[in-house]
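Okay, model.txt is below, compact mmCIF, C-alpha atoms and all ligand atoms:
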# COMPACT_ATOMS: atom_id res chain seq x y z
CA MET C 14 98.45 107.26 132.56
CA ARG C 15 98.04 107.17 136.36
CA GLU C 16 95.06 104.90 135.91
CA ALA C 17 96.96 102.55 133.62
CA MET C 18 99.69 102.42 136.28
CA ALA C 19 97.21 101.70 139.05
CA HIS C 20 95.71 98.80 137.12
CA ALA C 21 98.97 97.31 135.87
CA GLU C 22 99.41 93.59 136.28
CA VAL C 23 102.83 92.87 137.79
CA GLY C 24 105.24 90.00 138.43
CA ASP C 25 108.94 89.57 139.17
CA ASP C 26 110.88 90.96 136.22
CA VAL C 27 114.18 89.57 137.52
CA TYR C 28 112.65 86.23 136.45
CA GLY C 29 111.09 87.75 133.31
CA GLU C 30 107.66 87.30 134.89
CA ASP C 31 106.23 90.80 134.85
CA PRO C 32 103.52 90.65 132.17
CA THR C 33 103.34 94.43 131.73
CA ILE C 34 107.10 94.78 131.26
CA ASN C 35 107.01 91.88 128.80
CA ARG C 36 104.21 93.60 126.93
CA LEU C 37 106.14 96.90 126.80
CA GLN C 38 109.25 95.13 125.53
CA GLU C 39 107.28 93.27 122.83
CA TYR C 40 105.39 96.41 121.85
CA THR C 41 108.64 98.38 121.52
CA ALA C 42 110.36 95.67 119.50
CA GLU C 43 107.34 95.60 117.19
CA LEU C 44 107.26 99.41 116.94
CA LEU C 45 110.98 99.63 116.14
CA GLY C 46 111.04 96.53 113.96
CA THR C 47 113.70 94.78 116.06
CA GLU C 48 113.81 91.21 117.35
CA ALA C 49 113.74 92.22 121.01
CA ALA C 50 113.83 95.11 123.47
CA LEU C 51 114.74 95.56 127.12
CA PHE C 52 113.24 97.93 129.70
CA VAL C 53 115.81 99.85 131.77
CA PRO C 54 115.47 102.61 134.36
CA SER C 55 117.13 105.44 132.41
CA GLY C 56 118.41 106.58 129.05
CA THR C 57 121.92 106.54 130.43
CA MET C 58 121.59 102.87 131.32
CA ALA C 59 120.07 102.10 127.91
CA ASN C 60 123.07 103.61 126.16
CA GLN C 61 125.62 102.14 128.56
CA VAL C 62 124.37 98.56 128.45
CA ALA C 63 124.32 98.88 124.65
CA ILE C 64 127.89 100.21 124.58
CA ARG C 65 129.03 97.50 126.99
CA ALA C 66 127.28 94.77 124.98
CA HIS C 67 128.75 95.92 121.65
CA THR C 68 132.35 96.48 122.78
CA GLN C 69 135.31 95.11 124.71
CA PRO C 70 137.27 97.17 127.28
CA GLY C 71 139.97 99.13 125.44
CA ASP C 72 137.80 99.69 122.38
CA GLU C 73 137.04 103.08 120.96
CA VAL C 74 133.59 104.51 120.31
CA VAL C 75 133.20 107.08 117.52
CA MET C 76 130.60 109.78 118.11
CA ASP C 77 129.96 113.49 117.92
CA ALA C 78 132.03 115.58 120.35
CA ARG C 79 128.90 116.97 122.01
CA GLY C 80 127.11 113.62 122.14
CA HIS C 81 125.18 112.56 125.22
CA SER C 82 127.06 109.35 126.05
CA PHE C 83 130.38 111.21 125.93
CA ASN C 84 129.41 114.31 127.90
CA PHE C 85 126.38 113.68 130.07
CA GLU C 86 126.61 110.11 131.36
CA THR C 87 129.12 110.77 134.13
CA GLY C 88 132.06 109.15 132.36
CA ALA C 89 130.25 105.80 132.33
CA THR C 90 131.84 104.90 129.00
CA ALA C 91 135.16 104.82 130.89
CA ALA C 92 133.94 103.81 134.34
CA LEU C 93 131.49 101.07 133.41
CA CYS C 94 132.38 100.02 129.87
CA GLY C 95 136.15 100.59 129.85
CA VAL C 96 136.04 102.21 126.42
CA GLN C 97 137.31 105.54 125.17
CA VAL C 98 135.52 107.99 122.92
CA HIS C 99 136.82 109.22 119.59
CA PRO C 100 134.96 112.54 119.33
CA LEU C 101 134.08 114.01 115.93
CA ARG C 102 133.68 117.73 115.41
CA THR C 103 130.43 118.28 113.58
CA GLU C 104 127.86 120.84 112.57
CA ARG C 105 124.76 120.22 114.69
CA GLY C 106 125.79 116.73 115.77
CA ILE C 107 125.50 115.16 112.33
CA PHE C 108 128.50 113.64 110.56
CA ASP C 109 128.98 111.92 107.24
CA GLY C 110 130.49 108.66 106.08
CA GLU C 111 133.76 110.28 105.14
CA ALA C 112 134.27 111.77 108.62
CA LEU C 113 133.42 108.41 110.12
CA GLU C 114 135.79 106.48 107.91
CA ALA C 115 138.64 108.88 108.75
CA ALA C 116 138.05 108.08 112.43
CA ILE C 117 137.97 104.30 112.13
CA ARG C 118 141.30 102.92 113.30
CA PRO C 119 143.50 100.82 111.07
CA SER C 120 144.20 97.31 112.30
CA ASP C 121 147.53 97.82 114.06
CA ASP C 122 148.59 96.92 117.60
CA HIS C 123 149.29 100.57 118.44
CA PHE C 124 145.70 101.58 118.07
CA PRO C 125 142.52 100.91 119.97
CA HIS C 126 139.97 98.83 118.12
CA THR C 127 137.01 100.82 116.81
CA GLY C 128 134.20 98.93 118.47
CA LEU C 129 131.13 101.08 117.95
CA VAL C 130 129.67 104.17 116.28
CA ILE C 131 126.96 106.17 118.06
CA VAL C 132 124.56 108.50 116.31
CA GLU C 133 122.13 110.68 118.27
CA ASN C 134 118.75 111.45 116.71
CA THR C 135 117.49 114.03 117.42
CA HIS C 136 120.77 115.50 118.60
CA ASN C 137 120.38 117.34 121.87
CA PHE C 138 123.38 119.70 121.68
CA GLY C 139 123.01 119.88 117.93
CA GLY C 140 119.86 121.86 118.79
CA GLY C 141 117.37 119.02 118.39
CA SER C 142 118.71 118.40 114.89
CA VAL C 143 117.24 115.58 112.82
CA TRP C 144 119.20 113.01 110.85
CA SER C 145 117.67 112.24 107.48
CA LEU C 146 117.35 108.59 106.52
CA ALA C 147 119.88 109.20 103.73
CA GLN C 148 122.44 110.68 106.13
CA LEU C 149 122.04 107.76 108.51
CA ALA C 150 122.17 105.20 105.69
CA GLU C 151 125.43 106.64 104.40
CA VAL C 152 127.07 106.46 107.83
CA THR C 153 125.85 102.95 108.60
CA LYS C 154 126.98 101.71 105.18
CA ARG C 155 130.53 102.92 105.87
CA ALA C 156 130.50 101.49 109.40
CA ARG C 157 129.35 98.13 108.08
CA LYS C 158 132.13 98.12 105.49
CA HIS C 159 134.56 98.09 108.45
CA GLY C 160 132.53 95.63 110.51
CA VAL C 161 131.71 98.27 113.15
CA PRO C 162 128.20 98.21 114.68
CA VAL C 163 126.10 101.38 114.99
CA HIS C 164 124.03 102.33 118.03
CA LEU C 165 121.31 104.95 117.70
CA ASP C 166 120.84 107.08 120.82
CA GLY C 167 117.16 107.69 120.28
CA ALA C 168 116.24 109.42 123.53
CA ARG C 169 114.32 111.72 121.16
CA LEU C 170 113.86 109.30 118.25
CA PHE C 171 110.11 109.97 118.05
CA ASN C 172 110.75 113.70 117.79
CA ALA C 173 112.96 112.94 114.79
CA SER C 174 110.35 110.59 113.38
CA VAL C 175 107.52 113.13 113.66
CA ALA C 176 109.64 116.01 112.33
CA ALA C 177 111.06 114.07 109.37
CA GLY C 178 107.93 112.06 108.58
CA VAL C 179 110.03 108.92 108.84
CA GLN C 180 108.84 105.90 110.83
CA ALA C 181 111.01 105.11 113.86
CA ARG C 182 111.35 101.56 112.49
CA GLU C 183 112.84 102.92 109.24
CA TYR C 184 115.62 104.60 111.22
CA CYS C 185 116.07 101.46 113.31
CA SER C 186 116.28 99.22 110.24
CA LEU C 187 119.61 100.90 109.43
CA VAL C 188 121.33 100.42 112.79
CA ASP C 189 122.38 97.53 115.03
CA SER C 190 120.71 98.83 118.17
CA ALA C 191 118.67 101.78 119.40
CA SER C 192 117.65 103.29 122.70
CA ILE C 193 114.44 105.21 123.26
CA CYS C 194 113.35 107.28 126.23
CA LEU C 195 109.85 107.20 127.69
CA SER C 196 110.38 110.00 130.18
CA LYS C 197 111.46 112.90 127.96
CA GLY C 198 108.95 114.20 125.41
CA LEU C 199 106.68 111.18 125.83
CA GLY C 200 105.90 112.14 129.42
CA ALA C 201 106.22 108.87 131.35
CA PRO C 202 107.72 109.22 134.84
CA VAL C 203 110.57 106.71 134.36
CA GLY C 204 112.14 104.44 131.83
CA SER C 205 113.94 103.77 128.59
CA LEU C 206 114.36 100.77 126.33
CA VAL C 207 117.22 99.37 124.34
CA ALA C 208 116.29 97.42 121.21
CA GLY C 209 118.13 95.19 118.77
CA ARG C 210 118.83 91.57 117.82
CA ARG C 211 117.83 88.92 120.34
CA ASP C 212 121.38 87.77 121.11
CA PHE C 213 122.39 91.40 121.68
CA ILE C 214 119.47 91.97 124.05
CA VAL C 215 120.47 88.83 126.00
CA ARG C 216 123.89 90.44 126.53
CA CYS C 217 122.26 93.75 127.49
CA HIS C 218 120.10 91.91 130.02
CA ARG C 219 123.21 90.58 131.74
CA PHE C 220 124.85 94.04 131.85
CA ARG C 221 121.62 95.65 133.06
CA LYS C 222 121.85 93.39 136.10
CA GLN C 223 125.55 94.13 136.53
CA PHE C 224 124.92 97.90 136.35
CA GLY C 225 122.22 97.61 139.02
CA GLY C 226 119.21 97.95 136.76
CA GLY C 227 117.41 94.70 137.52
CA MET C 228 113.88 95.51 138.66
CA ARG C 229 111.07 93.50 140.23
CA GLN C 230 107.39 94.53 140.15
CA ALA C 231 108.17 97.41 137.83
CA GLY C 232 105.15 96.75 135.61
CA ILE C 233 103.65 99.86 137.21
CA LEU C 234 106.32 101.86 135.38
CA ALA C 235 106.03 99.84 132.20
CA ALA C 236 102.29 100.57 132.13
CA ALA C 237 103.10 104.29 132.07
CA GLY C 238 105.56 103.68 129.24
CA LEU C 239 103.04 101.70 127.21
CA TYR C 240 100.49 104.45 127.70
CA ALA C 241 103.03 107.04 126.55
CA LEU C 242 103.95 105.08 123.41
CA GLU C 243 100.31 104.43 122.56
CA HIS C 244 98.97 107.93 123.20
CA HIS C 245 101.67 110.58 123.25
CA VAL C 246 103.86 110.09 120.16
CA ASP C 247 101.58 112.04 117.84
CA ASP C 248 101.51 115.00 120.25
CA LEU C 249 105.22 115.68 119.72
CA GLY C 250 104.47 117.77 116.63
CA ARG C 251 102.72 120.26 118.90
CA ASP C 252 105.90 120.65 120.97
CA HIS C 253 107.77 121.38 117.72
CA ASP C 254 105.23 124.04 116.74
CA HIS C 255 105.56 125.61 120.17
CA ALA C 256 109.34 125.67 119.86
CA LYS C 257 109.10 127.47 116.50
CA ARG C 258 106.71 130.02 117.94
CA LEU C 259 108.94 130.54 120.95
CA ALA C 260 112.04 130.92 118.77
CA LYS C 261 110.35 133.48 116.55
CA GLY C 262 109.31 135.58 119.54
CA ILE C 263 112.74 135.43 121.15
CA ALA C 264 114.57 136.15 117.89
CA ALA C 265 112.78 139.51 117.71
CA LEU C 266 114.27 140.62 121.06
CA ASP C 267 117.42 142.70 121.47
CA GLY C 268 120.47 141.02 122.97
CA VAL C 269 119.95 137.56 121.50
CA GLU C 270 121.05 135.70 118.45
CA LEU C 271 119.26 132.64 117.21
CA ASP C 272 118.94 130.82 113.93
CA LEU C 273 115.27 130.16 113.23
CA ASP C 274 116.08 127.57 110.57
CA ALA C 275 117.94 125.55 113.22
CA VAL C 276 114.75 124.96 115.21
CA GLU C 277 113.68 121.59 113.84
CA THR C 278 112.06 119.95 116.86
CA ASN C 279 111.45 120.87 120.53
CA ILE C 280 114.80 122.45 121.39
CA VAL C 281 115.77 126.11 121.02
CA PHE C 282 119.31 127.31 121.63
CA VAL C 283 119.74 131.03 122.20
CA ASN C 284 123.05 132.93 122.16
CA LEU C 285 123.25 135.99 124.35
CA THR C 286 124.93 139.03 122.85
CA GLY C 287 124.22 141.57 125.60
CA PRO C 288 125.83 142.14 129.00
CA LEU C 289 124.11 139.27 130.84
CA ASP C 290 125.70 135.84 131.02
CA ALA C 291 123.72 132.63 130.70
CA SER C 292 123.46 131.70 134.38
CA ALA C 293 122.38 135.20 135.39
CA LEU C 294 119.70 135.16 132.72
CA ALA C 295 118.57 131.65 133.71
CA ALA C 296 118.22 132.82 137.32
CA ARG C 297 116.10 135.78 136.23
CA LEU C 298 113.90 133.51 134.13
CA ARG C 299 113.51 131.10 137.01
CA ASP C 300 112.27 133.98 139.18
CA ARG C 301 109.61 134.48 136.49
CA GLY C 302 108.59 130.81 136.46
CA THR C 303 110.51 129.62 133.42
CA ALA C 304 113.14 126.89 133.77
CA VAL C 305 115.91 126.91 131.16
CA SER C 306 119.37 125.34 131.05
CA PRO C 307 122.48 127.48 130.70
CA THR C 308 124.51 125.39 128.26
CA GLY C 309 127.58 127.59 127.99
CA PRO C 310 128.75 130.98 129.26
CA ARG C 311 126.62 132.73 126.63
CA THR C 312 124.03 130.15 125.58
CA ILE C 313 120.79 128.90 127.04
CA ARG C 314 118.59 126.02 125.97
CA PHE C 315 114.80 126.04 125.95
CA VAL C 316 112.92 122.74 125.64
CA THR C 317 109.19 122.57 124.97
CA HIS C 318 107.20 119.62 126.28
CA ARG C 319 103.67 118.31 126.67
CA ASP C 320 103.02 120.17 129.93
CA VAL C 321 103.35 123.60 128.31
CA GLY C 322 100.84 125.06 125.88
CA GLU C 323 100.71 127.69 123.20
CA ALA C 324 99.83 130.51 125.58
CA ASP C 325 102.81 129.59 127.75
CA MET C 326 105.08 130.47 124.81
CA ASP C 327 103.91 134.08 124.95
CA THR C 328 104.46 134.11 128.72
CA VAL C 329 108.01 132.85 128.21
CA ILE C 330 108.74 135.39 125.45
CA GLU C 331 107.54 138.17 127.77
CA ALA C 332 109.63 136.79 130.63
CA MET C 333 112.63 136.68 128.34
CA ALA C 334 112.07 140.26 127.19
CA ALA C 335 111.87 141.41 130.82
CA ALA C 336 114.84 139.34 131.96
CA LEU C 337 117.00 140.76 129.18
CA THR C 338 116.16 144.36 129.98
CA ASP C 339 115.11 145.22 133.50
CA GLY C 340 116.27 142.16 135.43
C1 LIG J 401 118.30 112.49 128.24
C2 LIG J 401 119.13 111.78 127.24
C3 LIG J 401 119.63 110.50 127.50
C4 LIG J 401 119.38 109.73 128.77
O1 LIG J 401 119.37 110.42 129.90
P1 LIG J 401 118.76 109.91 131.30
O2 LIG J 401 118.68 111.18 132.03
O3 LIG J 401 119.72 108.94 131.87
O4 LIG J 401 117.43 109.29 131.05
C5 LIG J 401 120.38 109.88 126.52
N1 LIG J 401 120.61 110.47 125.35
C6 LIG J 401 120.14 111.69 125.06
C7 LIG J 401 120.39 112.27 123.71
C8 LIG J 401 119.39 112.39 125.99
O5 LIG J 401 118.93 113.61 125.70

Represent the structure of the file as structure tokens.
Amino acid sequence: MREAMAHAEVGDDVYGEDPTINRLQEYTAELLGTEAALFVPSGTMANQVAIRAHTQPGDEVVMDARGHSFNFETGATAALCGVQVHPLRTERGIFDGEALEAAIRPSDDHFPHTGLVIVENTHNFGGGSVWSLAQLAEVTKRARKHGVPVHLDGARLFNASVAAGVQAREYCSLVDSASICLSKGLGAPVGSLVAGRRDFIVRCHRFRKQFGGGMRQAGILAAAGLYALEHHVDDLGRDHDHAKRLAKGIAALDGVELDLDAVETNIVFVNLTGPLDASALAARLRDRGTAVSPTGPRTIRFVTHRDVGEADMDTVIEAMAAALTDG
């Protein structure tokens, strides 16, 4: 990847003249089966330019209550897009057509206009949960009935694809736009893309500039992204195997509660049932070389990735056993 970056041909992307960025955008559009795609610096920007391009200020966006754009993008839906979120309570981040339809606003001057639906696949706070094609198709069919577009937050779309045995382009064929992230499981240093119809991407391009995401000789970064898409997608299954192994080892320890069936991809949520709270446990794990996120007073999140191997899982299980008992 570093070599591909070093040899990248570059130009000024503000003028659309960086050949490597153009190649990444064309490659991604081809991969996802969309007309066009746009390279942006982060997953947050990918989602936010998509939200901005699909909606008008004052609109409402329907999504899961623990969804990324609602909770982890610094209020950008309000601050940058001027929209409000209509959060849905779900099991594991996945909702059905009926729940969606109940949330879509009637046409009446009292109400905001429902401007967009967002689905997240895999769903981070749903525990890396995977939407099936049928689940997604049912939701998009209902959205379409009301003329509401659907955006797929696919920061981990390839994890879903590998776990479900469904091509990323099959998921994307059901939605109006999708974002993908190059710097999570795929291991590039920087970058995301938003993909969709050409006229939509033209609008996204304008908002990318407005949000401060116009880049110049960024082909160096695009080269890393191309390398990641070409070489790292198939490795994601290994991360999923590692997560299962990790979950099994942790589930056998005292003082934790975790549902092994809920481990579908590279994310493992663990509930703590003993005296320690999540931040104290995370600090103890950090002292032992394992970084985890406390995600609630009594929950921690483990994420496996391409820089950790099978043997590391045993190290982490041992660290967890020690952290839970002797501090
Ligand atoms: C990480 C992530 C994003 C984007 O986050 P950035 O840190 O801005 O790249 C978007 N959606 C989901 C589901 C994510 O996990």

Under the rule of at most 8 Å, produce a per-residue listing of chain C near ligand LIG 401 (chain J): chain, number, name, the closest pair of atoms, and the distance in Å, as CSV, using only C-alpha atoms and all ligand atoms.
residue,atom,partner,partner_atom,distance
C:Pro54,CA,J:LIG401,O4,7.7
C:Ser55,CA,J:LIG401,O4,4.1
C:Gly56,CA,J:LIG401,C4,3.3
C:Thr57,CA,J:LIG401,O3,3.6
C:Met58,CA,J:LIG401,O3,6.4
C:Ala59,CA,J:LIG401,C4,7.7
C:Asn60,CA,J:LIG401,C5,6.8
C:Gly80,CA,J:LIG401,C7,7.0
C:His81,CA,J:LIG401,N1,5.0
C:Ser82,CA,J:LIG401,N1,6.6
C:Phe85,CA,J:LIG401,O1,7.7
C:Glu86,CA,J:LIG401,O3,7.0
C:Glu133,CA,J:LIG401,C7,5.9
C:Asn134,CA,J:LIG401,C7,7.2
C:Thr135,CA,J:LIG401,C7,7.1
C:His136,CA,J:LIG401,C7,6.1
C:Asn137,CA,J:LIG401,C7,5.4
C:Asp166,CA,J:LIG401,N1,5.7
C:Gly167,CA,J:LIG401,C7,6.6
C:Ala168,CA,J:LIG401,C6,4.8
C:Arg169,CA,J:LIG401,C7,6.6
C:Cys194,CA,J:LIG401,O4,6.6
C:Ser196,CA,J:LIG401,O4,7.1
C:Lys197,CA,J:LIG401,C1,6.9
C:Gly204,CA,J:LIG401,O4,7.2
C:Ser205,CA,J:LIG401,O4,7.0

For the residues in that selection, give me C-alpha atoms as a tab-separated table (two decimals), in the coordinates of the input.
chain	number	residue	atom	x	y	z
C	54	PRO	CA	115.47	102.61	134.36
C	55	SER	CA	117.13	105.44	132.41
C	56	GLY	CA	118.41	106.58	129.05
C	57	THR	CA	121.92	106.54	130.43
C	58	MET	CA	121.59	102.87	131.32
C	59	ALA	CA	120.07	102.10	127.91
C	60	ASN	CA	123.07	103.61	126.16
C	80	GLY	CA	127.11	113.62	122.14
C	81	HIS	CA	125.18	112.56	125.22
C	82	SER	CA	127.06	109.35	126.05
C	85	PHE	CA	126.38	113.68	130.07
C	86	GLU	CA	126.61	110.11	131.36
C	133	GLU	CA	122.13	110.68	118.27
C	134	ASN	CA	118.75	111.45	116.71
C	135	THR	CA	117.49	114.03	117.42
C	136	HIS	CA	120.77	115.50	118.60
C	137	ASN	CA	120.38	117.34	121.87
C	166	ASP	CA	120.84	107.08	120.82
C	167	GLY	CA	117.16	107.69	120.28
C	168	ALA	CA	116.24	109.42	123.53
C	169	ARG	CA	114.32	111.72	121.16
C	194	CYS	CA	113.35	107.28	126.23
C	196	SER	CA	110.38	110.00	130.18
C	197	LYS	CA	111.46	112.90	127.96
C	204	GLY	CA	112.14	104.44	131.83
C	205	SER	CA	113.94	103.77	128.59

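Minimum atom-to-atom distance to Glu277 (chain C), evaluated using all atoms listed in the file, belongs to C:Lys257 out of C:Lys158, C:Arg221, C:Arg297, C:Lys257.
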
(message) Nearest residue to Val132 (chain C) out of C:Val163, C:Ile117, C:Val269, C:Ala147, using all atoms listed in the file?
(response) C:Val163

(message) For region 176-185 of chain C, find every residue with an atom within 7 Å (counting all atoms listed in the file), except residues of its own chain fewer than 4 positions away, and show them as a PyMOL selection string.
(response) chain C and resi 44-46+146+170-172+191+250+278

Could you take the residues named above and write them with C-alpha atoms, as a PDB file, in the coordinates of the input?
ATOM      1  CA  LEU C  44     107.260  99.410 116.940  1.00  0.00           C
ATOM      2  CA  LEU C  45     110.980  99.630 116.140  1.00  0.00           C
ATOM      3  CA  GLY C  46     111.040  96.530 113.960  1.00  0.00           C
ATOM      4  CA  LEU C 146     117.350 108.590 106.520  1.00  0.00           C
ATOM      5  CA  LEU C 170     113.860 109.300 118.250  1.00  0.00           C
ATOM      6  CA  PHE C 171     110.110 109.970 118.050  1.00  0.00           C
ATOM      7  CA  ASN C 172     110.750 113.700 117.790  1.00  0.00           C
ATOM      8  CA  ALA C 191     118.670 101.780 119.400  1.00  0.00           C
ATOM      9  CA  GLY C 250     104.470 117.770 116.630  1.00  0.00           C
ATOM     10  CA  THR C 278     112.060 119.950 116.860  1.00  0.00           C
TER      11      THR C 278
END

(request) Within 7 Å of Ala208 (chain C), counting only C-alpha atoms, which residues show up once you throw out same-chain ones fewer than 5 positions away? Write them as a list in words, please. (result) Ala42, Thr47, Ala49, Ala50, Leu51, Ser190, Ala191, Ser192 and Ile214 of chain C

(request) Compile the contact shell of region 35-40 of chain C as number ranges by chain: residues with an atom at most 10 Å away, counting only C-alpha atoms, same-chain residues fewer than 3 positions apart removed. (result) C: 23-24, 26, 29-32, 43-52, 206-208, 232, 234-240, 242-243

(request) Would you kindly return, as an MDAnalysis selection string, each protein, DNA or RNA residue with an atom no farther than 10 Å from any atom of Gly95 (chain C), considering only C-alpha atoms and excluding same-chain residues fewer than 5 positions away? (result) chainID C and resid 64:65 68:73 88:90

(request) Tell me, in Å to one decimal, how far CA of Glu323 (chain C) is from CA of Leu195 (chain C). (result) 22.9 Å

(request) Might you pull out every residue within 10 Å of Glu104 (chain C), with all atoms listed in the file counted and same-chain residues fewer than 6 positions away left off, and present them as a VMD selection string? (result) chain C and resid 77 139 142

(request) Report the distance between CA of Val246 (chain C) and CA of Ala275 (chain C) in Å, rounded to one decimal place. (result) 22.0 Å

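Computed from the coordinates, the CA of Gly141 (chain C) to CA of Ala173 (chain C) distance equals 8.3 Å.
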
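Distance annotation: of C:Ser292, C:Thr317, C:Thr87, C:Thr303, the residue with the minimal separation from His253 (chain C) is C:Thr317; atom set is only C-alpha atoms.
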
Residue list as an mmCIF file with C-alpha atoms, keeping the file's coordinate frame for point (112.9, 141.2, 133.4), cut-off 12 Å, all atoms listed in the file:
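Final output, saved to selection.cif:
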data_model
loop_
_atom_site.group_PDB
_atom_site.id
_atom_site.type_symbol
_atom_site.label_atom_id
_atom_site.label_comp_id
_atom_site.auth_asym_id
_atom_site.auth_seq_id
_atom_site.Cartn_x
_atom_site.Cartn_y
_atom_site.Cartn_z
ATOM 1 C CA LEU C 289 124.110 139.270 130.840
ATOM 2 C CA ALA C 293 122.380 135.200 135.390
ATOM 3 C CA LEU C 294 119.700 135.160 132.720
ATOM 4 C CA ALA C 295 118.570 131.650 133.710
ATOM 5 C CA ALA C 296 118.220 132.820 137.320
ATOM 6 C CA ARG C 297 116.100 135.780 136.230
ATOM 7 C CA LEU C 298 113.900 133.510 134.130
ATOM 8 C CA ARG C 299 113.510 131.100 137.010
ATOM 9 C CA ASP C 300 112.270 133.980 139.180
ATOM 10 C CA ARG C 301 109.610 134.480 136.490
ATOM 11 C CA GLY C 302 108.590 130.810 136.460
ATOM 12 C CA THR C 303 110.510 129.620 133.420
ATOM 13 C CA THR C 328 104.460 134.110 128.720
ATOM 14 C CA VAL C 329 108.010 132.850 128.210
ATOM 15 C CA ILE C 330 108.740 135.390 125.450
ATOM 16 C CA GLU C 331 107.540 138.170 127.770
ATOM 17 C CA ALA C 332 109.630 136.790 130.630
ATOM 18 C CA MET C 333 112.630 136.680 128.340
ATOM 19 C CA ALA C 334 112.070 140.260 127.190
ATOM 20 C CA ALA C 335 111.870 141.410 130.820
ATOM 21 C CA ALA C 336 114.840 139.340 131.960
ATOM 22 C CA LEU C 337 117.000 140.760 129.180
ATOM 23 C CA THR C 338 116.160 144.360 129.980
ATOM 24 C CA ASP C 339 115.110 145.220 133.500
ATOM 25 C CA GLY C 340 116.270 142.160 135.430
#

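Nearest to Pro307 (chain C) of all the residues C:His255, C:Val283, C:Lys154, C:Gly128 is C:Val283, based on only C-alpha atoms.
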
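Proximity of C:Asp248, C:Asp267, C:Asp274, C:Asp25 to Pro288 (chain C), computed with all atoms listed in the file, is greatest for C:Asp267.
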
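Among C:Arg210, C:Arg118, C:Phe220, C:Ala256, the residue with the shortest atom-to-atom distance to Asp325 (chain C), counting all atoms listed in the file, is C:Ala256.
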
Could you rebuild region 156-167 of chain C with N, CA and C atoms and give me the result as a short mmCIF file (atom, residue, chain, number, x, y, z; two decimals), in the frame of the given file?
data_model
loop_
_atom_site.label_atom_id
_atom_site.label_comp_id
_atom_site.auth_asym_id
_atom_site.auth_seq_id
_atom_site.Cartn_x
_atom_site.Cartn_y
_atom_site.Cartn_z
N ALA C 156 130.16 102.23 108.17
CA ALA C 156 130.50 101.49 109.40
C ALA C 156 130.51 99.99 109.11
N ARG C 157 129.49 99.56 108.40
CA ARG C 157 129.35 98.13 108.08
C ARG C 157 130.53 97.64 107.25
N LYS C 158 130.97 98.47 106.34
CA LYS C 158 132.13 98.12 105.49
C LYS C 158 133.33 97.74 106.37
N HIS C 159 133.43 98.37 107.55
CA HIS C 159 134.56 98.09 108.45
C HIS C 159 134.16 97.12 109.56
N GLY C 160 132.97 96.59 109.49
CA GLY C 160 132.53 95.63 110.51
C GLY C 160 132.25 96.27 111.86
N VAL C 161 131.95 97.58 111.87
CA VAL C 161 131.71 98.27 113.15
C VAL C 161 130.21 98.47 113.33
N PRO C 162 129.64 98.01 114.46
CA PRO C 162 128.20 98.21 114.68
C PRO C 162 127.85 99.67 114.96
N VAL C 163 126.58 100.01 114.76
CA VAL C 163 126.10 101.38 114.99
C VAL C 163 124.96 101.34 116.00
N HIS C 164 125.09 102.17 117.04
CA HIS C 164 124.03 102.33 118.03
C HIS C 164 123.38 103.70 117.84
N LEU C 165 122.07 103.71 117.84
CA LEU C 165 121.31 104.95 117.70
C LEU C 165 120.83 105.38 119.08
N ASP C 166 121.36 106.51 119.57
CA ASP C 166 120.84 107.08 120.82
C ASP C 166 119.56 107.82 120.46
N GLY C 167 118.46 107.15 120.69
CA GLY C 167 117.16 107.69 120.28
C GLY C 167 116.34 108.18 121.45
#
